[in-house]
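**Student:** One structure is given below, represented as structure tokens, and several questions about it will come after.
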Amino acid sequence: MPAISRKATSLRKIKRSAASGLHDKQNERDFRKLRIDKVGVRGLRFPIQVRDKKHVFQNTIATIGMFVDLPHHFKGTHMSRFIEVLNAHGGAIHVENINGILTAMQKKLNADTAHIEIEFPYFMSKKSPVSQQESLMDYVARFEACARKGEEDFVLTVKANVTTLCPCSKAIAKYGAHNQRGEVTVRIRSREIVWIEDLIEVIEASASSELYALLKRQDEKTVTERAYENPVFVEDLVRNVAVRLNADSRVTWYKVEAENFESIHNHNAYACIEKG
């Protein structure tokens, strides 16, 4: 065997030997006797496929957080194992396979509790009200799930922008009323699957008008007149959403927040309602 080949083989053996003898610092004992509720990775960007209401997969990019509890006697957790679990489950994410990810995290990291947060832009095709021009609207969706001792918790969050027109302004102004874009955030727990599209529909139906990415002149006329005929305070907005959620037997808990980015004030208007 040539001298160079023998030397390379020897170096590989040394590296393997060193790797097998690396000290596992995380498994050292910690003597402060303080358990950690959540430890893991956050801000991980990962391409995923999300199954929509039509059972078609939509490609998007998620920002992910993965966490487990850490018993008081361990110094640290193994961060690389979170990434291993995520990659092992592929890129298709839906409520039906999140429990599998949580179970794998518990097993891989010897944890009693596992948490995962998945936030991503979600797109829907919409047609303008008159010209029927089709365009994509973007929303924000978020999955938050937790598994502990056989019990599982799942919260779906959807954020959507809407138009709100001020009832007070309409009542007192001679020439019109001020309106603004509002952001509505709905968080729910449910006994059955509630689709992202379902919550978007609830939010948009509760406002003065929904938004569109593409509007022609005749569409703008229709949208502004619709908003003028349907004024809502920020208080009305959260109540309108809550009424619709109360009528949905699938929903067991919700929290609705609305924030109007005021057009004539140097502050925002905010309201929140929660079902206990």
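Ligands are numbered from 1 in the order shown, residues from 1 within each chain, and chains are lettered A, B, ... in the order they appear in the structure tokens.
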Find the residues around Ile116 (chain A) up to 7 Å (only C-alpha atoms counted), leave out those fewer than 4 positions away in its own chain, and share them as a PyMOL selection string.
**Tutor:** chain A and resi 65-67+144-146
**Student:** May I have all residues of region 128-229 of chain A that DSSP, computed from the backbone, assigns to helix (DSSP H, G or I), given as number ranges by chain?
**Tutor:** A: 167-172, 196-205, 217-229
**Student:** Rank nothing, just name the residue among A:Gly76, A:Gln106, A:Ala213, A:Val56 nearest to Leu136 (chain A), using only C-alpha atoms.
**Tutor:**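 Using only C-alpha atoms, the shortest distance to Leu136 (chain A) belongs to A:Ala213.
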**Student:** Could you pull the residues within 10 Å of Glu257 (chain A), counting only C-alpha atoms, minus those fewer than 4 positions along the same chain, as JSON, numbers by chain?
**Tutor:** {"A": [159, 183, 184, 185, 186, 187, 234, 235, 237, 238, 239, 241, 270, 271, 272, 273, 274]}
**Student:** Keeping N, CA, C and O atoms for every residue in the selection just given, could you write it to a file as a PDB file, in the first residue's frame?
**Tutor:**
```
ATOM      1  N   LYS A 159     -54.620  34.767  10.520  1.00  0.00           N
ATOM      2  CA  LYS A 159     -54.635  36.227  10.472  1.00  0.00           C
ATOM      3  C   LYS A 159     -55.076  36.664   9.078  1.00  0.00           C
ATOM      4  O   LYS A 159     -54.554  36.176   8.079  1.00  0.00           O
ATOM      5  N   GLU A 183     -56.557  44.277  10.928  1.00  0.00           N
ATOM      6  CA  GLU A 183     -56.017  42.912  10.986  1.00  0.00           C
ATOM      7  C   GLU A 183     -56.773  42.126  12.052  1.00  0.00           C
ATOM      8  O   GLU A 183     -56.868  42.556  13.205  1.00  0.00           O
ATOM      9  N   VAL A 184     -57.307  40.984  11.663  1.00  0.00           N
ATOM     10  CA  VAL A 184     -58.052  40.131  12.588  1.00  0.00           C
ATOM     11  C   VAL A 184     -57.270  38.842  12.802  1.00  0.00           C
ATOM     12  O   VAL A 184     -56.830  38.194  11.845  1.00  0.00           O
ATOM     13  N   THR A 185     -57.093  38.484  14.070  1.00  0.00           N
ATOM     14  CA  THR A 185     -56.406  37.243  14.431  1.00  0.00           C
ATOM     15  C   THR A 185     -57.380  36.351  15.173  1.00  0.00           C
ATOM     16  O   THR A 185     -57.953  36.750  16.191  1.00  0.00           O
ATOM     17  N   VAL A 186     -57.579  35.151  14.668  1.00  0.00           N
ATOM     18  CA  VAL A 186     -58.495  34.195  15.299  1.00  0.00           C
ATOM     19  C   VAL A 186     -57.719  32.950  15.684  1.00  0.00           C
ATOM     20  O   VAL A 186     -57.036  32.346  14.845  1.00  0.00           O
ATOM     21  N   ARG A 187     -57.827  32.579  16.950  1.00  0.00           N
ATOM     22  CA  ARG A 187     -57.232  31.340  17.452  1.00  0.00           C
ATOM     23  C   ARG A 187     -58.366  30.426  17.911  1.00  0.00           C
ATOM     24  O   ARG A 187     -59.268  30.883  18.618  1.00  0.00           O
ATOM     25  N   VAL A 234     -64.343  48.457  15.734  1.00  0.00           N
ATOM     26  CA  VAL A 234     -63.484  47.318  16.038  1.00  0.00           C
ATOM     27  C   VAL A 234     -64.195  46.364  17.000  1.00  0.00           C
ATOM     28  O   VAL A 234     -64.027  45.147  16.954  1.00  0.00           O
ATOM     29  N   GLU A 235     -65.064  46.935  17.862  1.00  0.00           N
ATOM     30  CA  GLU A 235     -65.864  46.111  18.779  1.00  0.00           C
ATOM     31  C   GLU A 235     -66.858  45.240  18.018  1.00  0.00           C
ATOM     32  O   GLU A 235     -67.093  44.077  18.354  1.00  0.00           O
ATOM     33  N   LEU A 237     -66.480  44.207  15.021  1.00  0.00           N
ATOM     34  CA  LEU A 237     -65.727  43.219  14.263  1.00  0.00           C
ATOM     35  C   LEU A 237     -65.477  41.956  15.074  1.00  0.00           C
ATOM     36  O   LEU A 237     -65.750  40.838  14.611  1.00  0.00           O
ATOM     37  N   VAL A 238     -64.979  42.096  16.307  1.00  0.00           N
ATOM     38  CA  VAL A 238     -64.702  40.897  17.104  1.00  0.00           C
ATOM     39  C   VAL A 238     -66.001  40.200  17.511  1.00  0.00           C
ATOM     40  O   VAL A 238     -66.049  38.968  17.594  1.00  0.00           O
ATOM     41  N   ARG A 239     -67.046  40.981  17.760  1.00  0.00           N
ATOM     42  CA  ARG A 239     -68.327  40.365  18.111  1.00  0.00           C
ATOM     43  C   ARG A 239     -68.928  39.612  16.924  1.00  0.00           C
ATOM     44  O   ARG A 239     -69.496  38.524  17.090  1.00  0.00           O
ATOM     45  N   VAL A 241     -67.300  38.145  14.523  1.00  0.00           N
ATOM     46  CA  VAL A 241     -66.555  36.891  14.394  1.00  0.00           C
ATOM     47  C   VAL A 241     -66.994  35.900  15.466  1.00  0.00           C
ATOM     48  O   VAL A 241     -67.227  34.715  15.196  1.00  0.00           O
ATOM     49  N   TYR A 270     -58.194  48.709  19.063  1.00  0.00           N
ATOM     50  CA  TYR A 270     -57.994  47.277  19.336  1.00  0.00           C
ATOM     51  C   TYR A 270     -59.152  46.735  20.161  1.00  0.00           C
ATOM     52  O   TYR A 270     -59.713  47.420  21.029  1.00  0.00           O
ATOM     53  N   ALA A 271     -59.513  45.479  19.897  1.00  0.00           N
ATOM     54  CA  ALA A 271     -60.521  44.793  20.707  1.00  0.00           C
ATOM     55  C   ALA A 271     -60.210  43.301  20.730  1.00  0.00           C
ATOM     56  O   ALA A 271     -59.595  42.766  19.800  1.00  0.00           O
ATOM     57  N   CYS A 272     -60.629  42.638  21.803  1.00  0.00           N
ATOM     58  CA  CYS A 272     -60.362  41.209  21.976  1.00  0.00           C
ATOM     59  C   CYS A 272     -61.538  40.579  22.696  1.00  0.00           C
ATOM     60  O   CYS A 272     -62.119  41.163  23.609  1.00  0.00           O
ATOM     61  N   ILE A 273     -61.908  39.371  22.257  1.00  0.00           N
ATOM     62  CA  ILE A 273     -62.959  38.611  22.927  1.00  0.00           C
ATOM     63  C   ILE A 273     -62.530  37.146  22.955  1.00  0.00           C
ATOM     64  O   ILE A 273     -61.998  36.636  21.972  1.00  0.00           O
ATOM     65  N   GLU A 274     -62.734  36.494  24.098  1.00  0.00           N
ATOM     66  CA  GLU A 274     -62.289  35.110  24.257  1.00  0.00           C
ATOM     67  C   GLU A 274     -63.396  34.254  24.849  1.00  0.00           C
ATOM     68  O   GLU A 274     -64.090  34.680  25.787  1.00  0.00           O
TER      69      GLU A 274
END
```
**Student:** Just the residues within 9 Å of Glu28 (chain A), please, counting only C-alpha atoms, with nothing from its chain fewer than 4 positions along; format it as an mmCIF file with N, CA and C atoms, in the first residue's frame.
**Tutor:**
```cif
data_model
loop_
_atom_site.group_PDB
_atom_site.id
_atom_site.type_symbol
_atom_site.label_atom_id
_atom_site.label_comp_id
_atom_site.auth_asym_id
_atom_site.auth_seq_id
_atom_site.Cartn_x
_atom_site.Cartn_y
_atom_site.Cartn_z
ATOM 1 N N ASP A 24 -20.360 13.805 25.851
ATOM 2 C CA ASP A 24 -21.726 14.323 25.711
ATOM 3 C C ASP A 24 -22.006 15.283 26.860
ATOM 4 N N HIS A 73 -32.316 17.307 36.337
ATOM 5 C CA HIS A 73 -30.995 16.708 36.526
ATOM 6 C C HIS A 73 -30.147 16.697 35.263
ATOM 7 N N PHE A 74 -30.722 17.106 34.090
ATOM 8 C CA PHE A 74 -29.933 17.161 32.860
ATOM 9 C C PHE A 74 -29.456 18.586 32.606
ATOM 10 N N LYS A 75 -28.218 18.703 32.122
ATOM 11 C CA LYS A 75 -27.641 20.011 31.853
ATOM 12 C C LYS A 75 -28.219 20.643 30.589
ATOM 13 N N GLY A 76 -28.459 19.848 29.567
ATOM 14 C CA GLY A 76 -28.949 20.411 28.315
ATOM 15 C C GLY A 76 -29.643 19.376 27.458
#
```
**Student:** Near region 89-103 of chain A, counting only C-alpha atoms, which residues have an atom at most 6 Å away, once you skip same-chain residues fewer than 3 positions from it, shown as a list in words?
**Tutor:**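 Neighbouring residues, sequence-local ones excluded: Ile48, Gln49, Val50, Leu86, Gln106 and Ala114 of chain A.
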**Student:** Keeping only C-alpha atoms, write the selected residues as an mmCIF file, in the first residue's frame.
**Tutor:**
```cif
data_model
loop_
_atom_site.group_PDB
_atom_site.id
_atom_site.type_symbol
_atom_site.label_atom_id
_atom_site.label_comp_id
_atom_site.auth_asym_id
_atom_site.auth_seq_id
_atom_site.Cartn_x
_atom_site.Cartn_y
_atom_site.Cartn_z
ATOM 1 C CA ILE A 48 -43.487 22.507 3.657
ATOM 2 C CA GLN A 49 -46.603 21.360 1.874
ATOM 3 C CA VAL A 50 -49.922 22.196 3.525
ATOM 4 C CA LEU A 86 -38.380 17.284 11.255
ATOM 5 C CA GLN A 106 -40.706 12.821 22.854
ATOM 6 C CA ALA A 114 -43.203 18.177 23.222
#
```
**Student:** Gln218 (chain A): which residues within 9 Å, counting only C-alpha atoms, same-chain residues fewer than 5 positions away excluded, as a PDB file with N, CA and C atoms, in the first residue's frame?
**Tutor:**
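File produced: result.pdb:
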```
ATOM      1  N   PRO A 129     -65.096  41.320  -7.306  1.00  0.00           N
ATOM      2  CA  PRO A 129     -66.559  41.167  -7.258  1.00  0.00           C
ATOM      3  C   PRO A 129     -67.301  41.450  -8.557  1.00  0.00           C
ATOM      4  N   VAL A 130     -66.794  42.308  -9.422  1.00  0.00           N
ATOM      5  CA  VAL A 130     -67.516  42.658 -10.648  1.00  0.00           C
ATOM      6  C   VAL A 130     -66.801  42.138 -11.890  1.00  0.00           C
ATOM      7  N   SER A 131     -65.540  42.500 -12.060  1.00  0.00           N
ATOM      8  CA  SER A 131     -64.807  42.100 -13.260  1.00  0.00           C
ATOM      9  C   SER A 131     -64.383  40.641 -13.239  1.00  0.00           C
ATOM     10  N   VAL A 223     -66.603  47.748  -3.934  1.00  0.00           N
ATOM     11  CA  VAL A 223     -66.004  47.477  -2.627  1.00  0.00           C
ATOM     12  C   VAL A 223     -66.165  48.673  -1.686  1.00  0.00           C
TER      13      VAL A 223
END
```
**Student:** Please determine, counting only C-alpha atoms, which residue among A:Ser128, A:Val256, A:Thr63, A:Ala171 has the shortest atom-to-atom distance to Leu156 (chain A).
**Tutor:** A:Val256
**Student:** Restricting the calculation to only C-alpha atoms: of A:Arg191, A:Thr60, A:Tyr212, A:Lys174, which residue gets closest to Val140 (chain A)?
**Tutor:** A:Thr60
**Student:** Please list as a PyMOL selection string every residue within 8 Å of Tyr228 (chain A), counting only C-alpha atoms and excluding residues in the same chain fewer than 4 positions away.
**Tutor:** chain A and resi 165+170+177+208+224
**Student:** Produce a file of the selected residues containing N, CA and C atoms, as a PDB file, in the first residue's frame.
**Tutor:**
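Dumped to selection34.pdb:
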```
ATOM      1  N   LEU A 165     -65.089  50.385   8.178  1.00  0.00           N
ATOM      2  CA  LEU A 165     -65.535  51.777   8.029  1.00  0.00           C
ATOM      3  C   LEU A 165     -66.193  52.222   9.327  1.00  0.00           C
ATOM      4  N   LYS A 170     -69.352  57.979   9.810  1.00  0.00           N
ATOM      5  CA  LYS A 170     -70.452  58.003   8.833  1.00  0.00           C
ATOM      6  C   LYS A 170     -71.642  58.791   9.365  1.00  0.00           C
ATOM      7  N   ALA A 177     -67.026  58.939   5.164  1.00  0.00           N
ATOM      8  CA  ALA A 177     -66.613  58.335   6.440  1.00  0.00           C
ATOM      9  C   ALA A 177     -65.205  57.782   6.275  1.00  0.00           C
ATOM     10  N   SER A 208     -66.441  45.253   7.284  1.00  0.00           N
ATOM     11  CA  SER A 208     -67.167  46.118   6.359  1.00  0.00           C
ATOM     12  C   SER A 208     -67.025  45.607   4.934  1.00  0.00           C
ATOM     13  N   THR A 224     -65.926  49.878  -2.176  1.00  0.00           N
ATOM     14  CA  THR A 224     -66.052  51.052  -1.302  1.00  0.00           C
ATOM     15  C   THR A 224     -67.499  51.309  -0.906  1.00  0.00           C
TER      16      THR A 224
END
```
**Student:** Just how far from CA of Glu192 (chain A) is CA of Ser249 (chain A), in Å to one decimal?
**Tutor:**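 The value is 9.1 Å.
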**Student:** Between A:Arg244, A:His72, A:Arg42, A:Lys53, which residue has the minimum interatomic distance to Ile118 (chain A), considering only C-alpha atoms?
**Tutor:**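 Counting only C-alpha atoms, the residue closest to Ile118 (chain A) is A:Arg42.
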